[in-house]
$ cat model23.txt   # compact mmCIF, C-alpha atoms
# COMPACT_ATOMS: atom_id res chain seq x y z
CA MET A 9 270.91 102.94 108.63
CA LYS A 10 271.80 106.42 107.44
CA PRO A 11 269.60 109.53 107.48
CA ALA A 12 267.86 110.70 104.33
CA PRO A 13 269.65 113.66 102.71
CA PHE A 14 268.98 117.05 104.31
CA ALA A 15 270.27 120.62 104.21
CA TYR A 16 272.14 121.71 107.34
CA HIS A 17 272.29 125.23 108.77
CA ARG A 18 273.98 126.49 111.95
CA PRO A 19 272.75 130.03 112.53
CA ARG A 20 274.37 132.35 115.07
CA THR A 21 271.29 134.42 115.95
CA LEU A 22 267.69 133.67 116.80
CA ASP A 23 266.50 135.91 114.00
CA GLU A 24 268.49 133.88 111.51
CA ALA A 25 267.15 130.61 112.93
CA VAL A 26 263.55 131.84 112.77
CA ALA A 27 264.05 133.05 109.19
CA LEU A 28 265.43 129.68 108.15
CA LEU A 29 262.50 127.85 109.73
CA GLY A 30 260.04 130.23 108.12
CA SER A 31 261.54 129.72 104.67
CA GLU A 32 261.47 125.94 104.83
CA PRO A 33 258.19 124.35 106.02
CA ASP A 34 259.83 120.92 106.31
CA ALA A 35 262.57 121.87 108.78
CA LYS A 36 263.51 120.64 112.23
CA VAL A 37 265.37 122.37 115.03
CA MET A 38 268.30 120.51 116.58
CA ALA A 39 269.88 121.39 119.93
CA GLY A 40 271.63 118.45 121.61
CA GLY A 41 270.38 116.01 118.99
CA GLN A 42 269.90 113.11 121.38
CA SER A 43 266.23 112.74 120.45
CA LEU A 44 266.31 113.88 116.83
CA VAL A 45 269.42 112.10 115.54
CA PRO A 46 268.14 108.56 116.32
CA LEU A 47 264.91 109.37 114.48
CA LEU A 48 266.91 110.61 111.50
CA THR A 49 269.17 107.57 111.53
CA MET A 50 266.23 105.17 111.57
CA ARG A 51 264.43 107.32 108.99
CA LEU A 52 261.47 107.76 111.28
CA ALA A 53 261.89 111.45 110.47
CA ALA A 54 263.18 112.85 107.19
CA PRO A 55 263.12 116.66 107.30
CA ALA A 56 264.44 118.58 104.32
CA THR A 57 266.39 120.96 106.55
CA ILE A 58 268.07 120.81 109.96
CA VAL A 59 268.51 124.10 111.83
CA ASP A 60 271.18 123.56 114.48
CA ILE A 61 270.81 126.21 117.23
CA SER A 62 273.93 125.22 119.17
CA ALA A 63 275.83 128.33 118.01
CA VAL A 64 273.07 130.81 118.91
CA GLU A 65 274.31 133.03 121.73
CA GLY A 66 272.35 133.46 124.94
CA LEU A 67 270.65 130.04 125.00
CA ASP A 68 273.03 128.41 127.50
CA THR A 69 271.88 130.29 130.61
CA LEU A 70 270.71 128.46 133.74
CA THR A 71 269.25 130.46 136.63
CA ALA A 72 267.58 129.43 139.88
CA ASP A 73 266.14 131.96 142.31
CA ASP A 74 263.23 132.34 144.72
CA GLY A 75 260.80 132.50 141.80
CA GLY A 76 261.88 129.35 140.05
CA VAL A 77 264.30 127.67 137.67
CA ARG A 78 264.83 128.91 134.11
CA ILE A 79 266.71 126.62 131.76
CA GLY A 80 268.00 127.92 128.44
CA ALA A 81 267.53 125.90 125.27
CA MET A 82 271.20 124.87 125.05
CA VAL A 83 271.69 123.91 128.70
CA ARG A 84 272.61 120.24 128.94
CA HIS A 85 270.83 117.78 131.23
CA ALA A 86 274.10 117.15 133.07
CA ASP A 87 274.55 120.82 133.95
CA VAL A 88 271.02 121.08 135.34
CA LEU A 89 271.46 117.87 137.31
CA ALA A 90 274.74 119.10 138.81
CA SER A 91 273.35 122.46 139.96
CA PRO A 92 272.86 122.75 143.73
CA ASP A 93 270.72 125.85 143.14
CA VAL A 94 268.30 123.90 140.96
CA ARG A 95 268.11 121.17 143.60
CA ARG A 96 267.36 123.74 146.28
CA VAL A 97 264.77 125.76 144.34
CA GLN A 98 262.89 122.93 142.62
CA PRO A 99 264.08 119.46 143.69
CA LEU A 100 261.61 117.66 141.42
CA VAL A 101 263.66 118.76 138.41
CA THR A 102 266.78 117.17 139.88
CA ALA A 103 264.97 114.02 141.00
CA ALA A 104 263.55 113.39 137.53
CA LEU A 105 266.76 114.24 135.67
CA SER A 106 268.64 111.56 137.58
CA HIS A 107 266.48 109.03 135.69
CA VAL A 108 267.07 110.49 132.23
CA ALA A 109 268.91 107.97 130.04
CA HIS A 110 272.65 107.55 130.71
CA PRO A 111 275.49 109.98 131.49
CA THR A 112 276.69 110.08 127.89
CA ILE A 113 273.25 111.20 126.71
CA ARG A 114 272.81 113.64 129.60
CA ASN A 115 276.14 115.24 128.68
CA ARG A 116 274.82 116.11 125.21
CA GLY A 117 271.05 116.19 125.51
CA THR A 118 269.25 119.43 126.40
CA THR A 119 266.39 119.71 128.86
CA VAL A 120 264.38 122.13 126.74
CA GLY A 121 264.92 119.97 123.67
CA SER A 122 263.53 116.98 125.53
CA ILE A 123 260.49 118.99 126.60
CA VAL A 124 259.53 120.27 123.15
CA HIS A 125 260.25 116.87 121.60
CA ALA A 126 257.07 116.00 123.52
CA ASP A 127 257.83 112.35 124.10
CA ALA A 128 255.25 110.97 126.54
CA ALA A 129 257.88 108.48 127.75
CA ALA A 130 260.34 111.23 128.75
CA GLU A 131 260.73 112.60 132.25
CA MET A 132 261.03 116.35 131.79
CA PRO A 133 257.75 116.98 129.91
CA VAL A 134 255.74 115.47 132.74
CA VAL A 135 257.71 117.40 135.37
CA LEU A 136 256.96 120.66 133.55
CA ALA A 137 253.29 119.65 133.35
CA VAL A 138 252.81 118.65 136.99
CA LEU A 139 254.54 121.82 138.21
CA GLY A 140 252.58 124.09 135.86
CA GLY A 141 255.70 125.41 134.15
CA THR A 142 256.02 127.27 130.87
CA VAL A 143 258.14 127.38 127.71
CA GLU A 144 259.30 130.61 126.06
CA VAL A 145 259.39 130.58 122.26
CA VAL A 146 260.40 132.98 119.51
CA GLY A 147 258.98 132.91 115.98
CA GLY A 148 258.02 135.05 113.05
CA ALA A 149 255.12 136.50 115.03
CA GLY A 150 257.38 137.43 117.96
CA ARG A 151 257.77 136.02 121.43
CA ARG A 152 255.19 134.12 123.43
CA THR A 153 254.89 131.95 126.52
CA ILE A 154 253.25 128.54 126.29
CA ALA A 155 251.85 126.96 129.45
CA ALA A 156 252.66 123.28 129.91
CA ALA A 157 248.95 122.49 129.80
CA ASP A 158 248.85 123.85 126.23
CA LEU A 159 252.19 122.52 125.01
CA PHE A 160 251.64 118.80 124.45
CA VAL A 161 249.01 118.15 121.79
CA GLY A 162 249.78 114.62 120.54
CA PRO A 163 252.41 111.89 120.35
CA LEU A 164 255.74 113.65 119.72
CA GLU A 165 253.75 116.78 118.87
CA SER A 166 253.93 120.17 120.56
CA SER A 167 251.99 123.37 119.93
CA LEU A 168 255.04 125.26 118.64
CA ALA A 169 254.49 126.79 115.22
CA PRO A 170 256.80 125.54 112.42
CA ASP A 171 258.86 128.76 112.55
CA GLU A 172 259.18 128.91 116.34
CA VAL A 173 262.23 128.10 118.45
CA ALA A 174 261.94 127.24 122.14
CA THR A 175 264.41 129.46 123.98
CA SER A 176 263.87 128.42 127.61
CA ALA A 177 261.70 126.49 130.04
CA TRP A 178 260.60 127.76 133.45
CA PHE A 179 259.77 125.63 136.50
CA PRO A 180 258.20 127.42 139.49
CA ALA A 181 260.03 127.19 142.80
CA LEU A 182 258.83 124.74 145.41
CA ALA A 183 256.82 126.60 148.05
CA ASP A 184 257.66 126.21 151.73
CA ASP A 185 254.39 124.36 152.37
CA ALA A 186 254.74 121.96 149.42
CA GLY A 187 256.43 118.64 148.69
CA VAL A 188 257.37 116.59 145.64
CA GLY A 189 258.12 113.01 144.73
CA PHE A 190 259.25 111.03 141.70
CA ALA A 191 259.65 107.37 140.79
CA GLU A 192 259.74 105.27 137.67
CA LEU A 193 260.28 101.64 136.80
CA ALA A 194 262.35 100.56 133.81
CA ARG A 195 263.80 97.19 132.83
CA ARG A 196 267.26 98.73 133.17
CA HIS A 197 268.25 102.04 134.70
CA GLY A 198 268.40 104.63 131.94
CA ASP A 199 265.99 102.81 129.63
CA TYR A 200 262.58 104.25 128.90
CA ALA A 201 260.32 103.77 131.89
CA MET A 202 257.42 101.34 131.71
CA VAL A 203 255.65 103.84 133.97
CA GLY A 204 256.87 106.98 135.68
CA VAL A 205 255.08 109.16 138.24
CA ALA A 206 255.75 112.70 139.49
CA ALA A 207 253.79 114.31 142.30
CA HIS A 208 253.35 117.78 143.78
CA VAL A 209 251.36 118.34 146.97
CA ASP A 210 250.64 121.36 149.13
CA ALA A 211 248.11 122.38 151.77
CA SER A 212 245.20 122.48 149.32
CA SER A 213 246.01 120.23 146.39
CA ALA A 214 247.67 117.05 145.14
CA ARG A 215 248.65 116.63 141.49
CA VAL A 216 250.18 113.54 139.92
CA GLY A 217 251.80 113.36 136.47
CA TYR A 218 252.35 110.21 134.41
CA LEU A 219 254.87 109.27 131.75
CA SER A 220 254.76 106.19 129.51
CA VAL A 221 251.05 105.77 130.16
CA ASN A 222 249.08 108.01 127.78
CA ASP A 223 250.06 109.40 124.36
CA VAL A 224 250.91 112.73 126.01
CA PRO A 225 252.25 113.63 129.47
CA THR A 226 249.15 113.51 131.66
CA VAL A 227 248.42 115.21 134.98
CA VAL A 228 245.62 114.05 137.27
CA ASP A 229 244.26 115.97 140.25
CA VAL A 230 243.92 113.59 143.21
CA THR A 231 243.21 116.20 145.86
CA GLY A 232 241.39 114.66 148.81
CA VAL A 233 242.09 111.08 147.73
CA ASP A 234 244.02 108.80 150.06
CA ALA A 235 247.44 107.85 148.69
CA ALA A 236 246.55 104.16 148.71
CA ASP A 237 243.52 104.79 146.48
CA ALA A 238 244.94 107.55 144.29
CA GLY A 239 246.31 105.24 141.60
CA GLU A 240 242.93 103.60 141.06
CA ALA A 241 241.30 107.03 140.94
CA ALA A 242 243.88 108.23 138.42
CA LEU A 243 243.24 105.26 136.12
CA ALA A 244 239.82 106.73 135.35
CA HIS A 245 241.73 109.45 133.46
CA LEU A 246 244.43 107.24 131.94
CA GLU A 247 244.61 104.73 129.10
CA PRO A 248 247.60 102.48 129.75
CA GLY A 249 248.42 100.44 126.68
CA GLY A 250 250.53 97.37 126.05
CA ASP A 251 253.75 97.11 124.05
CA VAL A 252 257.01 95.15 123.99
CA HIS A 253 257.96 96.62 127.37
CA ALA A 254 254.83 95.93 129.40
CA SER A 255 251.24 94.78 129.05
CA ALA A 256 248.36 97.16 129.64
CA ALA A 257 247.42 95.29 132.83
CA TYR A 258 250.96 95.50 134.16
CA ARG A 259 251.12 99.21 133.40
CA ALA A 260 247.84 99.74 135.25
CA GLN A 261 249.23 97.92 138.27
CA LEU A 262 252.38 100.05 138.15
CA VAL A 263 250.18 103.15 138.14
CA ARG A 264 248.49 101.93 141.33
CA VAL A 265 251.73 101.03 143.12
CA LEU A 266 253.89 103.98 142.02
CA THR A 267 251.16 106.56 142.60
CA ALA A 268 250.79 105.51 146.23
CA ARG A 269 254.57 105.44 146.70
CA VAL A 270 255.21 108.83 145.13
CA LEU A 271 252.33 110.58 146.90
CA ARG A 272 253.59 109.31 150.24
CA GLU A 273 257.07 110.53 149.32
CA ALA A 274 255.66 113.95 148.42
CA HIS A 275 253.73 114.22 151.69
CA GLU A 276 256.83 113.17 153.65
CA ASP A 277 258.87 115.75 151.73
CA ARG A 278 256.31 118.40 152.65
CA GLN A 279 256.38 117.45 156.31
CA GLY A 280 260.17 117.43 156.25
CA ARG A 281 260.06 121.07 155.16
CA GLY A 282 258.12 121.92 158.29
CA ALA A 283 254.61 122.07 156.81
CA ALA A 284 251.80 121.19 159.16
$ encode --input "model23.txt" --output "structure tokens"
Amino acid sequence: MKPAPFAYHRPRTLDEAVALLGSEPDAKVMAGGQSLVPLLTMRLAAPATIVDISAVEGLDTLTADDGGVRIGAMVRHADVLASPDVRRVQPLVTAALSHVAHPTIRNRGTTVGSIVHADAAAEMPVVLAVLGGTVEVVGGAGRRTIAAADLFVGPLESSLAPDEVATSAWFPALADDAGVGFAELARRHGDYAMVGVAAHVDASSARVGYLSVNDVPTVVDVTGVDAADAGEAALAHLEPGGDVHASAAYRAQLVRVLTARVLREAHEDRQGRGAA
């Protein structure tokens, strides 16, 4: 199929991009296009205007320091995955990115674009959520920071205003007394996961995030729960459904198995960093 007709703009400044979005209520932002273009092609989305931000300067910056990892809106998945500094500062980002689609898509797709696309079956939204990260946006009302807990409001729906552009995402650094883990199960590597699980543990808490389970990326606090029982405890907060990829019962079983596996991995990671 071919996309429905649309107007195309490629602004060179954020101000121009925001103005374009503000002047056209039925507009979509495009960065790498790996999520949006398939929707356009299948006519699951038919915006009147596409605002391509790939020429906007200053959005391709990737930094990793003792505070955390900041990924600009035009930084490709492949560049984040290849960064040793990202792996050192927040290894959960690297672990999850290795499961994102296939190399061809990672070479074009952007991490921030994946996050604000708000697909509950994608890896990076749930990583941002379980780590308590944030997204920086710019719109007609100025700049603001959106916490991950406030970002995902429905299936493929974020809390960005229609005239706002996400400029970066921030993931806090992994503390010395913390550990992380990630696993997912797909029919083929690179396909959407039937269930994916990310975990972050430290001396006082254990948080587990789920993809491909609920309509939005979902984080469950399992502090004080044994790893073997954490999946069952988490299911009280989840609503696994059935589709062509997996039945609801199979998804629930994957939640039980992968939660235990990933929590153990996170605790082992923590111990490997010298935490008591």
$ atom_distance --input "model23.txt" --atom1 "CA of Met202 (chain A)" --atom2 "CA of Leu246 (chain A)"
14.3 Å
$ residues_around --input "model23.txt" --residues "Tyr200 (chain A)" --least-positions-apart "6" --cutoff "9 Å" --atoms "only C-alpha atoms" --output "MDAnalysis selection string"
chainID A and resid 108:109 129:130 193:194 220
$ closest_residue --input "model23.txt" --among "A:Arg196, A:Arg78, A:Arg281, A:His107" --to "Ala181 (chain A)" --atoms "all atoms listed in the file"
A:Arg78
$ residues_near_point --input "model23.txt" --point "(263.9, 127.4, 111.3)" --cutoff "10 Å" --atoms "only C-alpha atoms" --output "VMD selection string"
chain A and resid 17 19 22 to 38 57 to 61 147 to 148 170 to 173
$ atom_distance --input "model23.txt" --atom1 "CA of Arg116 (chain A)" --atom2 "CA of Gly41 (chain A)"
7.6 Å
